[in-house]
$ cat model.txt   # compact mmCIF, C-alpha atoms
# COMPACT_ATOMS: atom_id res chain seq x y z
CA MET A 1 -46.40 43.38 -72.49
CA TYR A 2 -48.99 40.99 -73.84
CA ILE A 3 -50.30 38.36 -71.46
CA HIS A 4 -52.68 35.78 -72.84
CA LYS A 5 -55.25 34.72 -70.32
CA TYR A 6 -56.48 31.15 -70.45
CA GLN A 7 -59.95 30.46 -69.23
CA GLU A 8 -60.50 27.05 -67.67
CA LYS A 9 -63.54 25.23 -68.95
CA GLU A 10 -65.44 22.89 -66.69
CA LEU A 11 -65.91 19.50 -68.33
CA HIS A 12 -69.35 17.97 -68.27
CA LYS A 13 -69.75 14.57 -66.62
CA GLU A 14 -70.36 12.90 -69.98
CA GLN A 15 -67.17 14.42 -71.35
CA LYS A 16 -65.18 13.08 -68.42
CA LEU A 17 -66.65 9.63 -68.97
CA LYS A 18 -65.65 9.79 -72.63
CA ILE A 19 -62.09 10.64 -71.63
CA LEU A 20 -62.00 7.72 -69.19
CA PHE A 21 -63.48 5.50 -71.91
CA ILE A 22 -60.28 6.02 -73.92
CA PHE A 23 -58.28 3.94 -71.42
CA PRO A 24 -60.16 0.61 -71.66
CA LEU A 25 -60.75 1.12 -75.39
CA THR A 26 -57.01 1.51 -75.88
CA PHE A 27 -56.25 -1.60 -73.85
CA MET A 28 -58.87 -3.59 -75.75
CA ILE A 29 -57.42 -2.58 -79.13
CA LEU A 30 -53.85 -3.21 -77.97
CA GLY A 31 -54.85 -6.58 -76.54
CA ILE A 32 -56.33 -7.71 -79.84
CA LEU A 33 -53.37 -6.32 -81.79
CA PHE A 34 -50.82 -8.01 -79.54
CA SER A 35 -52.64 -11.30 -79.99
CA TYR A 36 -52.76 -10.87 -83.76
CA PHE A 37 -49.15 -9.82 -84.33
CA ASP A 38 -47.83 -12.45 -81.94
CA GLY A 39 -49.47 -15.07 -84.13
CA GLU A 40 -52.04 -15.96 -81.48
CA THR A 41 -55.42 -17.26 -82.62
CA ASN A 42 -58.73 -16.30 -81.07
CA LEU A 43 -58.63 -19.60 -79.23
CA THR A 44 -55.27 -18.66 -77.72
CA LEU A 45 -56.63 -15.28 -76.68
CA SER A 46 -59.64 -16.92 -75.08
CA SER A 47 -57.40 -19.53 -73.50
CA GLY A 48 -55.30 -16.77 -71.99
CA LEU A 49 -58.42 -15.15 -70.55
CA LYS A 50 -59.54 -18.52 -69.23
CA ASN A 51 -56.17 -18.95 -67.52
CA ILE A 52 -56.50 -15.51 -65.94
CA LEU A 53 -60.06 -16.11 -64.76
CA SER A 54 -59.19 -19.52 -63.29
CA SER A 55 -55.93 -18.43 -61.66
CA PRO A 56 -55.84 -18.60 -57.82
CA SER A 57 -54.33 -15.06 -57.96
CA ILE A 58 -52.46 -15.65 -54.71
CA LEU A 59 -50.31 -12.71 -53.59
CA ILE A 60 -48.99 -10.92 -56.69
CA THR A 61 -49.97 -13.11 -59.64
CA ASP A 62 -48.61 -11.61 -62.86
CA PHE A 63 -51.37 -11.98 -65.44
CA LEU A 64 -48.88 -11.15 -68.20
CA SER A 65 -47.22 -14.46 -67.34
CA VAL A 66 -50.45 -16.36 -66.73
CA GLY A 67 -52.39 -15.34 -69.83
CA GLY A 68 -50.09 -13.34 -72.07
CA ILE A 69 -49.99 -9.65 -72.96
CA GLY A 70 -53.06 -9.64 -75.20
CA SER A 71 -55.30 -11.48 -72.73
CA THR A 72 -54.11 -9.30 -69.85
CA PHE A 73 -54.91 -6.10 -71.73
CA VAL A 74 -58.37 -7.45 -72.58
CA ASN A 75 -58.90 -8.30 -68.89
CA VAL A 76 -57.97 -4.73 -67.95
CA ALA A 77 -60.39 -3.42 -70.58
CA LEU A 78 -63.29 -5.62 -69.41
CA ILE A 79 -62.93 -4.55 -65.77
CA SER A 80 -62.58 -0.88 -66.74
CA PHE A 81 -65.62 -1.03 -69.04
CA TYR A 82 -67.65 -2.61 -66.26
CA ASN A 83 -66.75 0.11 -63.76
CA LEU A 84 -67.44 2.85 -66.30
CA TYR A 85 -70.83 1.27 -66.94
CA LEU A 86 -71.63 1.54 -63.22
CA LEU A 87 -70.46 5.14 -63.06
CA LYS A 88 -72.68 6.02 -66.02
CA LYS A 89 -75.67 3.95 -64.89
CA TYR A 90 -75.78 5.53 -61.43
CA LYS A 91 -74.86 8.99 -62.74
CA LEU A 92 -71.97 9.55 -60.37
CA ARG A 93 -70.19 12.86 -60.41
CA ILE A 94 -66.64 12.34 -61.65
CA ASN A 95 -64.30 13.74 -58.99
CA GLY A 96 -60.83 12.99 -57.62
CA LEU A 97 -62.03 10.12 -55.44
CA ILE A 98 -63.84 8.46 -58.34
CA LEU A 99 -60.75 8.81 -60.52
CA ALA A 100 -58.56 7.31 -57.77
CA ALA A 101 -60.91 4.33 -57.39
CA PHE A 102 -61.17 3.79 -61.15
CA MET A 103 -57.43 3.99 -61.75
CA THR A 104 -56.69 1.74 -58.77
CA VAL A 105 -59.05 -0.98 -60.00
CA MET A 106 -57.71 -0.67 -63.53
CA GLY A 107 -54.09 -0.83 -62.38
CA PHE A 108 -54.57 -3.93 -60.26
CA SER A 109 -56.30 -5.65 -63.18
CA PHE A 110 -52.78 -6.51 -64.34
CA PHE A 111 -52.40 -8.78 -61.33
CA GLY A 112 -54.94 -10.13 -58.89
CA LYS A 113 -58.24 -8.75 -60.19
CA ASN A 114 -60.32 -10.18 -63.00
CA ILE A 115 -63.92 -9.95 -64.13
CA PHE A 116 -64.79 -13.13 -62.24
CA ASN A 117 -63.50 -12.23 -58.80
CA ILE A 118 -64.74 -8.64 -58.61
CA ILE A 119 -68.41 -9.26 -59.50
CA PRO A 120 -69.37 -11.03 -56.22
CA ILE A 121 -68.05 -8.06 -54.21
CA TYR A 122 -70.24 -5.68 -56.21
CA MET A 123 -73.16 -8.05 -55.69
CA GLY A 124 -72.58 -7.98 -51.95
CA GLY A 125 -72.42 -4.19 -51.97
CA TYR A 126 -75.69 -4.02 -53.88
CA LEU A 127 -77.36 -6.39 -51.41
CA TYR A 128 -76.11 -4.22 -48.53
CA SER A 129 -77.55 -1.08 -50.12
CA TYR A 130 -80.86 -2.89 -50.70
CA HIS A 131 -80.89 -4.16 -47.12
CA LYS A 132 -80.18 -0.71 -45.67
CA LYS A 133 -82.48 0.99 -48.21
CA ILE A 134 -79.77 3.34 -49.43
CA ASP A 135 -78.72 4.18 -52.98
CA PHE A 136 -76.06 1.84 -54.33
CA LYS A 137 -74.33 4.84 -55.89
CA ASP A 138 -73.54 6.10 -52.37
CA ILE A 139 -71.25 3.14 -51.71
CA ILE A 140 -69.92 2.33 -55.20
CA VAL A 141 -66.57 4.00 -54.48
CA SER A 142 -66.18 1.96 -51.30
CA ILE A 143 -66.97 -1.23 -53.20
CA MET A 144 -64.49 -0.34 -55.94
CA PHE A 145 -61.74 0.00 -53.33
CA ALA A 146 -63.00 -3.17 -51.59
CA THR A 147 -62.07 -5.19 -54.67
CA ALA A 148 -58.61 -5.22 -53.07
CA LEU A 149 -59.91 -8.49 -51.60
CA ALA A 150 -60.98 -9.92 -54.96
CA PRO A 151 -58.02 -12.39 -55.07
CA VAL A 152 -59.51 -14.09 -52.00
CA ILE A 153 -62.38 -15.26 -54.19
CA SER A 154 -60.06 -16.76 -56.80
CA GLU A 155 -57.88 -18.37 -54.14
CA ILE A 156 -60.89 -20.14 -52.61
CA SER A 157 -62.38 -21.04 -56.00
CA PHE A 158 -59.29 -22.41 -57.76
CA SER A 159 -56.76 -23.54 -55.15
CA ASN A 160 -58.00 -27.17 -55.30
CA MET A 161 -58.79 -27.22 -51.57
CA LEU A 162 -62.33 -28.42 -52.31
CA PRO A 163 -64.20 -30.02 -55.23
CA SER A 164 -64.39 -27.53 -58.11
CA LYS A 165 -68.12 -26.70 -58.04
CA ILE A 166 -68.24 -26.38 -54.26
CA ALA A 167 -65.10 -24.25 -54.21
CA ILE A 168 -66.43 -21.84 -56.84
CA LEU A 169 -69.76 -21.45 -55.05
CA LEU A 170 -67.95 -20.93 -51.75
CA GLY A 171 -65.65 -18.36 -53.34
CA ILE A 172 -68.58 -16.43 -54.77
CA GLY A 173 -70.35 -16.61 -51.41
CA VAL A 174 -67.31 -15.23 -49.59
CA GLY A 175 -67.08 -12.43 -52.17
CA ILE A 176 -70.72 -11.47 -51.64
CA PHE A 177 -70.13 -11.55 -47.87
CA ILE A 178 -67.10 -9.25 -48.23
CA GLY A 179 -69.08 -6.79 -50.35
CA PHE A 180 -71.94 -6.85 -47.84
CA ILE A 181 -69.90 -6.10 -44.71
CA ILE A 182 -67.01 -3.99 -46.02
CA THR A 183 -68.85 -0.63 -45.96
CA PRO A 184 -70.21 -0.78 -42.38
CA LEU A 185 -66.95 -2.35 -41.23
CA ALA A 186 -64.92 0.50 -42.70
CA SER A 187 -67.11 3.12 -41.02
CA HIS A 188 -66.52 1.51 -37.62
CA MET A 189 -62.78 1.00 -38.09
CA VAL A 190 -62.22 4.75 -38.45
CA LYS A 191 -62.24 4.80 -34.64
CA PHE A 192 -59.06 2.71 -34.56
CA TYR A 193 -56.91 5.57 -35.86
CA ASP A 194 -59.16 8.62 -35.45
CA GLY A 195 -59.56 9.01 -39.20
CA TYR A 196 -55.91 9.85 -39.88
CA ASN A 197 -55.56 7.13 -42.55
CA ILE A 198 -56.45 8.54 -45.98
CA TYR A 199 -57.16 5.05 -47.34
CA ASN A 200 -59.66 3.65 -44.86
CA LEU A 201 -60.77 0.82 -47.14
CA GLY A 202 -57.17 -0.37 -47.43
CA PHE A 203 -56.87 -0.73 -43.67
CA THR A 204 -60.26 -2.43 -43.43
CA ALA A 205 -59.50 -4.79 -46.32
CA GLY A 206 -56.17 -5.68 -44.70
CA ILE A 207 -57.80 -6.59 -41.38
CA LEU A 208 -60.59 -8.54 -43.06
CA GLY A 209 -58.15 -10.32 -45.37
CA THR A 210 -55.98 -11.30 -42.39
CA ILE A 211 -58.99 -12.76 -40.57
CA ILE A 212 -60.04 -14.74 -43.64
CA SER A 213 -56.49 -16.04 -44.14
CA LEU A 214 -56.11 -17.11 -40.51
CA LYS A 215 -59.49 -18.83 -40.54
CA SER A 216 -58.60 -20.75 -43.70
CA ILE A 217 -55.32 -21.89 -42.12
CA PHE A 218 -57.01 -23.24 -38.99
CA LEU A 219 -59.76 -24.89 -41.03

$ encode --input "model.txt" --output "structure tokens"
Amino acid sequence: MYIHKYQEKELHKEQKLKILFIFPLTFMILGILFSYFDGETNLTLSSGLKNILSSPSILITDFLSVGGIGSTFVNVALISFYNLYLLKKYKLRINGLILAAFMTVMGFSFFGKNIFNIIPIYMGGYLYSYHKKIDFKDIIVSIMFATALAPVISEISFSNMLPSKIAILLGIGVGIFIGFIITPLASHMVKFYDGYNIYNLGFTAGILGTIISLKSIFL
């Protein structure tokens, strides 16, 4: 009886990045194609992106409805490219946790997350790493998961509660604050449930989001 033995080959980090690169590249191409075959002009595509970037993103905001299919796919591609750039820049080892963070951010780019509201959180994470004199690459995964709170930035910036310029600056400031405190906050909140939650950042983001929401109501 002949049994063919398959030998598993370990993929190099660069090869894994190239495989992940296929996802945003596909969405970018599909986004442009959808815009073209739907008769949309470049202005319409850019208008759709503008609508997505300036949407309050409250609760579950469907970007397919806000900006159209083409613009939504381009938004997904931009966010995915940005995260891949960080993974490559800081030479992170591609493992299951990295894949989970990348796919989560990419998936929620269809509603809630855009290139405007995630950047301040990354900025806050970088400032925290600089303040604590640790490598930013050590907390990138935490910051990627922390973008669960990215819609807070859009809600503050574009909900017409304050004059436009002030609201945008305040939203960016809140995003930087979230990115700065989310990592140490998550490490302390493990004590609440003895580490039994496999998604610690989700619990932490939920508590922090609730506090921000309650404060905005009372203010």

$ residues_around --input "model.txt" --residues "stretch 77-82 of chain A" --least-positions-apart "4" --cutoff "6 Å" --atoms "only C-alpha atoms" --output "list in words"
Pro24, Phe27, Met28, Met106 and Ile115 of chain A

$ atom_distance --input "model.txt" --atom1 "atom CA of A:His131" --atom2 "atom CA of A:Phe180"
9.4 Å

$ closest_residue --input "model.txt" --among "A:Lys165, A:Gly68, A:Ile19, A:Ser142" --to "A:Leu185" --atoms "all atoms listed in the file"
A:Ser142

$ atom_distance --input "model.txt" --atom1 "atom CA of A:Phe110" --atom2 "atom CA of A:Gly96"
22.1 Å

$ residues_around --input "model.txt" --residues "A:Ile118" --least-positions-apart "2" --cutoff "10 Å" --atoms "only C-alpha atoms" --output "mmCIF file with C-alpha atoms, in the coordinates of the input"
data_model
loop_
_atom_site.group_PDB
_atom_site.id
_atom_site.type_symbol
_atom_site.label_atom_id
_atom_site.label_comp_id
_atom_site.auth_asym_id
_atom_site.auth_seq_id
_atom_site.Cartn_x
_atom_site.Cartn_y
_atom_site.Cartn_z
ATOM 1 C CA ILE A 79 -62.930 -4.550 -65.770
ATOM 2 C CA VAL A 105 -59.050 -0.980 -60.000
ATOM 3 C CA GLY A 112 -54.940 -10.130 -58.890
ATOM 4 C CA LYS A 113 -58.240 -8.750 -60.190
ATOM 5 C CA ASN A 114 -60.320 -10.180 -63.000
ATOM 6 C CA ILE A 115 -63.920 -9.950 -64.130
ATOM 7 C CA PHE A 116 -64.790 -13.130 -62.240
ATOM 8 C CA PRO A 120 -69.370 -11.030 -56.220
ATOM 9 C CA ILE A 121 -68.050 -8.060 -54.210
ATOM 10 C CA TYR A 122 -70.240 -5.680 -56.210
ATOM 11 C CA MET A 123 -73.160 -8.050 -55.690
ATOM 12 C CA ILE A 143 -66.970 -1.230 -53.200
ATOM 13 C CA MET A 144 -64.490 -0.340 -55.940
ATOM 14 C CA ALA A 146 -63.000 -3.170 -51.590
ATOM 15 C CA THR A 147 -62.070 -5.190 -54.670
ATOM 16 C CA ALA A 148 -58.610 -5.220 -53.070
ATOM 17 C CA LEU A 149 -59.910 -8.490 -51.600
ATOM 18 C CA ALA A 150 -60.980 -9.920 -54.960
ATOM 19 C CA PRO A 151 -58.020 -12.390 -55.070
ATOM 20 C CA ILE A 153 -62.380 -15.260 -54.190
ATOM 21 C CA SER A 154 -60.060 -16.760 -56.800
ATOM 22 C CA ILE A 172 -68.580 -16.430 -54.770
ATOM 23 C CA GLY A 175 -67.080 -12.430 -52.170
ATOM 24 C CA ILE A 176 -70.720 -11.470 -51.640
ATOM 25 C CA GLY A 179 -69.080 -6.790 -50.350
#

$ residues_near_point --input "model.txt" --point "(-55.0, -4.6, -66.7)" --cutoff "7 Å" --atoms "only C-alpha atoms" --output "PyMOL selection string"
chain A and resi 72-73+75-77+106-110

$ atom_distance --input "model.txt" --atom1 "atom CA of A:Gly48" --atom2 "atom CA of A:Gly31"
11.2 Å

$ residues_around --input "model.txt" --residues "A:Ser55" --least-positions-apart "4" --cutoff "10 Å" --atoms "only C-alpha atoms" --output "MDAnalysis selection string"
chainID A and resid 49:51 61 63 66:67 112 114 151 154:155 157:159

$ write_last_selection --input "model.txt" --atoms "C-alpha atoms" --output "PDB file, in the coordinates of the input"
ATOM      1  CA  LEU A  49     -58.420 -15.150 -70.550  1.00  0.00           C
ATOM      2  CA  LYS A  50     -59.540 -18.520 -69.230  1.00  0.00           C
ATOM      3  CA  ASN A  51     -56.170 -18.950 -67.520  1.00  0.00           C
ATOM      4  CA  THR A  61     -49.970 -13.110 -59.640  1.00  0.00           C
ATOM      5  CA  PHE A  63     -51.370 -11.980 -65.440  1.00  0.00           C
ATOM      6  CA  VAL A  66     -50.450 -16.360 -66.730  1.00  0.00           C
ATOM      7  CA  GLY A  67     -52.390 -15.340 -69.830  1.00  0.00           C
ATOM      8  CA  GLY A 112     -54.940 -10.130 -58.890  1.00  0.00           C
ATOM      9  CA  ASN A 114     -60.320 -10.180 -63.000  1.00  0.00           C
ATOM     10  CA  PRO A 151     -58.020 -12.390 -55.070  1.00  0.00           C
ATOM     11  CA  SER A 154     -60.060 -16.760 -56.800  1.00  0.00           C
ATOM     12  CA  GLU A 155     -57.880 -18.370 -54.140  1.00  0.00           C
ATOM     13  CA  SER A 157     -62.380 -21.040 -56.000  1.00  0.00           C
ATOM     14  CA  PHE A 158     -59.290 -22.410 -57.760  1.00  0.00           C
ATOM     15  CA  SER A 159     -56.760 -23.540 -55.150  1.00  0.00           C
TER      16      SER A 159
END

$ closest_residue --input "model.txt" --among "A:Leu17, A:Leu33, A:Ala186, A:Leu53" --to "A:Phe111" --atoms "all atoms listed in the file"
A:Leu53

$ closest_residue --input "model.txt" --among "A:Leu162, A:Ala167, A:Leu208, A:Val141" --to "A:Thr104" --atoms "all atoms listed in the file"
A:Val141

$ closest_residue --input "model.txt" --among "A:Ser129, A:Ser164, A:Ser57, A:Ser46" --to "A:Ile32" --atoms "all atoms listed in the file"
A:Ser46

$ residues_around --input "model.txt" --residues "A:Tyr90" --least-positions-apart "6" --cutoff "10 Å" --atoms "all atoms listed in the file" --output "number ranges by chain"
A: 135-138, 140

$ closest_residue --input "model.txt" --among "A:Leu84, A:Leu30, A:Leu45, A:Leu170" --to "A:Lys18" --atoms "all atoms listed in the file"
A:Leu84

$ decode --input "model.txt" --residues "stretch 10-100 of chain A" --atoms "C-alpha atoms" --output "PDB file, in the first residue's frame"
ATOM      1  CA  GLU A  10       7.331  26.599   7.417  1.00  0.00           C
ATOM      2  CA  LEU A  11       6.513  29.883   5.714  1.00  0.00           C
ATOM      3  CA  HIS A  12       8.905  32.754   6.165  1.00  0.00           C
ATOM      4  CA  LYS A  13       7.571  35.959   7.718  1.00  0.00           C
ATOM      5  CA  GLU A  14       7.856  37.795   4.404  1.00  0.00           C
ATOM      6  CA  GLN A  15       5.862  35.069   2.683  1.00  0.00           C
ATOM      7  CA  LYS A  16       3.101  35.359   5.268  1.00  0.00           C
ATOM      8  CA  LEU A  17       2.996  39.115   4.770  1.00  0.00           C
ATOM      9  CA  LYS A  18       2.681  38.614   1.023  1.00  0.00           C
ATOM     10  CA  ILE A  19      -0.267  36.284   1.579  1.00  0.00           C
ATOM     11  CA  LEU A  20      -1.948  38.825   3.863  1.00  0.00           C
ATOM     12  CA  PHE A  21      -1.211  41.519   1.276  1.00  0.00           C
ATOM     13  CA  ILE A  22      -3.558  39.713  -1.120  1.00  0.00           C
ATOM     14  CA  PHE A  23      -6.589  40.663   1.004  1.00  0.00           C
ATOM     15  CA  PRO A  24      -6.307  44.483   0.877  1.00  0.00           C
ATOM     16  CA  LEU A  25      -5.056  44.351  -2.711  1.00  0.00           C
ATOM     17  CA  THR A  26      -8.159  42.393  -3.682  1.00  0.00           C
ATOM     18  CA  PHE A  27     -10.456  44.826  -1.900  1.00  0.00           C
ATOM     19  CA  MET A  28      -8.711  47.793  -3.518  1.00  0.00           C
ATOM     20  CA  ILE A  29      -9.108  46.327  -7.012  1.00  0.00           C
ATOM     21  CA  LEU A  30     -12.725  45.322  -6.359  1.00  0.00           C
ATOM     22  CA  GLY A  31     -13.482  48.766  -4.949  1.00  0.00           C
ATOM     23  CA  ILE A  32     -12.201  50.485  -8.072  1.00  0.00           C
ATOM     24  CA  LEU A  33     -13.966  47.992 -10.342  1.00  0.00           C
ATOM     25  CA  PHE A  34     -17.283  48.360  -8.521  1.00  0.00           C
ATOM     26  CA  SER A  35     -17.021  52.125  -8.863  1.00  0.00           C
ATOM     27  CA  TYR A  36     -16.207  51.865 -12.559  1.00  0.00           C
ATOM     28  CA  PHE A  37     -18.892  49.370 -13.561  1.00  0.00           C
ATOM     29  CA  ASP A  38     -21.533  51.115 -11.471  1.00  0.00           C
ATOM     30  CA  GLY A  39     -20.904  54.229 -13.536  1.00  0.00           C
ATOM     31  CA  GLU A  40     -19.355  56.094 -10.601  1.00  0.00           C
ATOM     32  CA  THR A  41     -16.748  58.759 -11.344  1.00  0.00           C
ATOM     33  CA  ASN A  42     -13.599  59.292  -9.324  1.00  0.00           C
ATOM     34  CA  LEU A  43     -15.361  62.182  -7.650  1.00  0.00           C
ATOM     35  CA  THR A  44     -18.160  59.857  -6.568  1.00  0.00           C
ATOM     36  CA  LEU A  45     -15.639  57.375  -5.212  1.00  0.00           C
ATOM     37  CA  SER A  46     -13.876  60.128  -3.302  1.00  0.00           C
ATOM     38  CA  SER A  47     -17.223  61.475  -2.141  1.00  0.00           C
ATOM     39  CA  GLY A  48     -18.105  58.048  -0.812  1.00  0.00           C
ATOM     40  CA  LEU A  49     -14.825  57.904   1.100  1.00  0.00           C
ATOM     41  CA  LYS A  50     -15.462  61.399   2.415  1.00  0.00           C
ATOM     42  CA  ASN A  51     -18.888  60.294   3.642  1.00  0.00           C
ATOM     43  CA  ILE A  52     -17.320  57.304   5.391  1.00  0.00           C
ATOM     44  CA  LEU A  53     -14.571  59.365   7.014  1.00  0.00           C
ATOM     45  CA  SER A  54     -17.015  62.031   8.213  1.00  0.00           C
ATOM     46  CA  SER A  55     -19.682  59.606   9.439  1.00  0.00           C
ATOM     47  CA  PRO A  56     -20.358  59.634  13.217  1.00  0.00           C
ATOM     48  CA  SER A  57     -20.154  55.803  13.029  1.00  0.00           C
ATOM     49  CA  ILE A  58     -22.525  55.457  15.971  1.00  0.00           C
ATOM     50  CA  LEU A  59     -23.324  51.850  16.925  1.00  0.00           C
ATOM     51  CA  ILE A  60     -23.303  49.724  13.747  1.00  0.00           C
ATOM     52  CA  THR A  61     -22.969  52.185  10.865  1.00  0.00           C
ATOM     53  CA  ASP A  62     -23.090  50.310   7.565  1.00  0.00           C
ATOM     54  CA  PHE A  63     -20.433  51.890   5.351  1.00  0.00           C
ATOM     55  CA  LEU A  64     -21.926  50.118   2.330  1.00  0.00           C
ATOM     56  CA  SER A  65     -24.945  52.366   2.820  1.00  0.00           C
ATOM     57  CA  VAL A  66     -22.972  55.471   3.773  1.00  0.00           C
ATOM     58  CA  GLY A  67     -20.374  55.454   1.001  1.00  0.00           C
ATOM     59  CA  GLY A  68     -21.255  52.695  -1.433  1.00  0.00           C
ATOM     60  CA  ILE A  69     -19.634  49.345  -2.178  1.00  0.00           C
ATOM     61  CA  GLY A  70     -16.582  50.720  -3.990  1.00  0.00           C
ATOM     62  CA  SER A  71     -15.717  53.296  -1.326  1.00  0.00           C
ATOM     63  CA  THR A  72     -16.236  50.759   1.462  1.00  0.00           C
ATOM     64  CA  PHE A  73     -13.883  48.256  -0.160  1.00  0.00           C
ATOM     65  CA  VAL A  74     -11.267  50.993  -0.598  1.00  0.00           C
ATOM     66  CA  ASN A  75     -11.663  51.916   3.089  1.00  0.00           C
ATOM     67  CA  VAL A  76     -11.084  48.270   4.046  1.00  0.00           C
ATOM     68  CA  ALA A  77      -8.002  48.194   1.815  1.00  0.00           C
ATOM     69  CA  LEU A  78      -6.525  51.406   3.262  1.00  0.00           C
ATOM     70  CA  ILE A  79      -6.883  50.209   6.865  1.00  0.00           C
ATOM     71  CA  SER A  80      -5.475  46.777   6.011  1.00  0.00           C
ATOM     72  CA  PHE A  81      -2.514  48.269   4.131  1.00  0.00           C
ATOM     73  CA  TYR A  82      -1.763  50.521   7.090  1.00  0.00           C
ATOM     74  CA  ASN A  83      -1.735  47.628   9.552  1.00  0.00           C
ATOM     75  CA  LEU A  84       0.407  45.505   7.241  1.00  0.00           C
ATOM     76  CA  TYR A  85       2.836  48.414   6.989  1.00  0.00           C
ATOM     77  CA  LEU A  86       3.157  48.449  10.790  1.00  0.00           C
ATOM     78  CA  LEU A  87       3.649  44.688  10.943  1.00  0.00           C
ATOM     79  CA  LYS A  88       6.412  44.921   8.345  1.00  0.00           C
ATOM     80  CA  LYS A  89       8.021  48.058   9.777  1.00  0.00           C
ATOM     81  CA  TYR A  90       8.329  46.608  13.278  1.00  0.00           C
ATOM     82  CA  LYS A  91       9.185  43.121  12.007  1.00  0.00           C
ATOM     83  CA  LEU A  92       6.521  41.316  13.995  1.00  0.00           C
ATOM     84  CA  ARG A  93       6.373  37.558  13.853  1.00  0.00           C
ATOM     85  CA  ILE A  94       3.155  36.524  12.139  1.00  0.00           C
ATOM     86  CA  ASN A  95       1.306  34.190  14.516  1.00  0.00           C
ATOM     87  CA  GLY A  96      -2.295  33.338  15.389  1.00  0.00           C
ATOM     88  CA  LEU A  97      -2.770  36.395  17.581  1.00  0.00           C
ATOM     89  CA  ILE A  98      -1.474  38.736  14.885  1.00  0.00           C
ATOM     90  CA  LEU A  99      -3.779  37.121  12.331  1.00  0.00           C
ATOM     91  CA  ALA A 100      -6.749  37.474  14.698  1.00  0.00           C
TER      92      ALA A 100
END
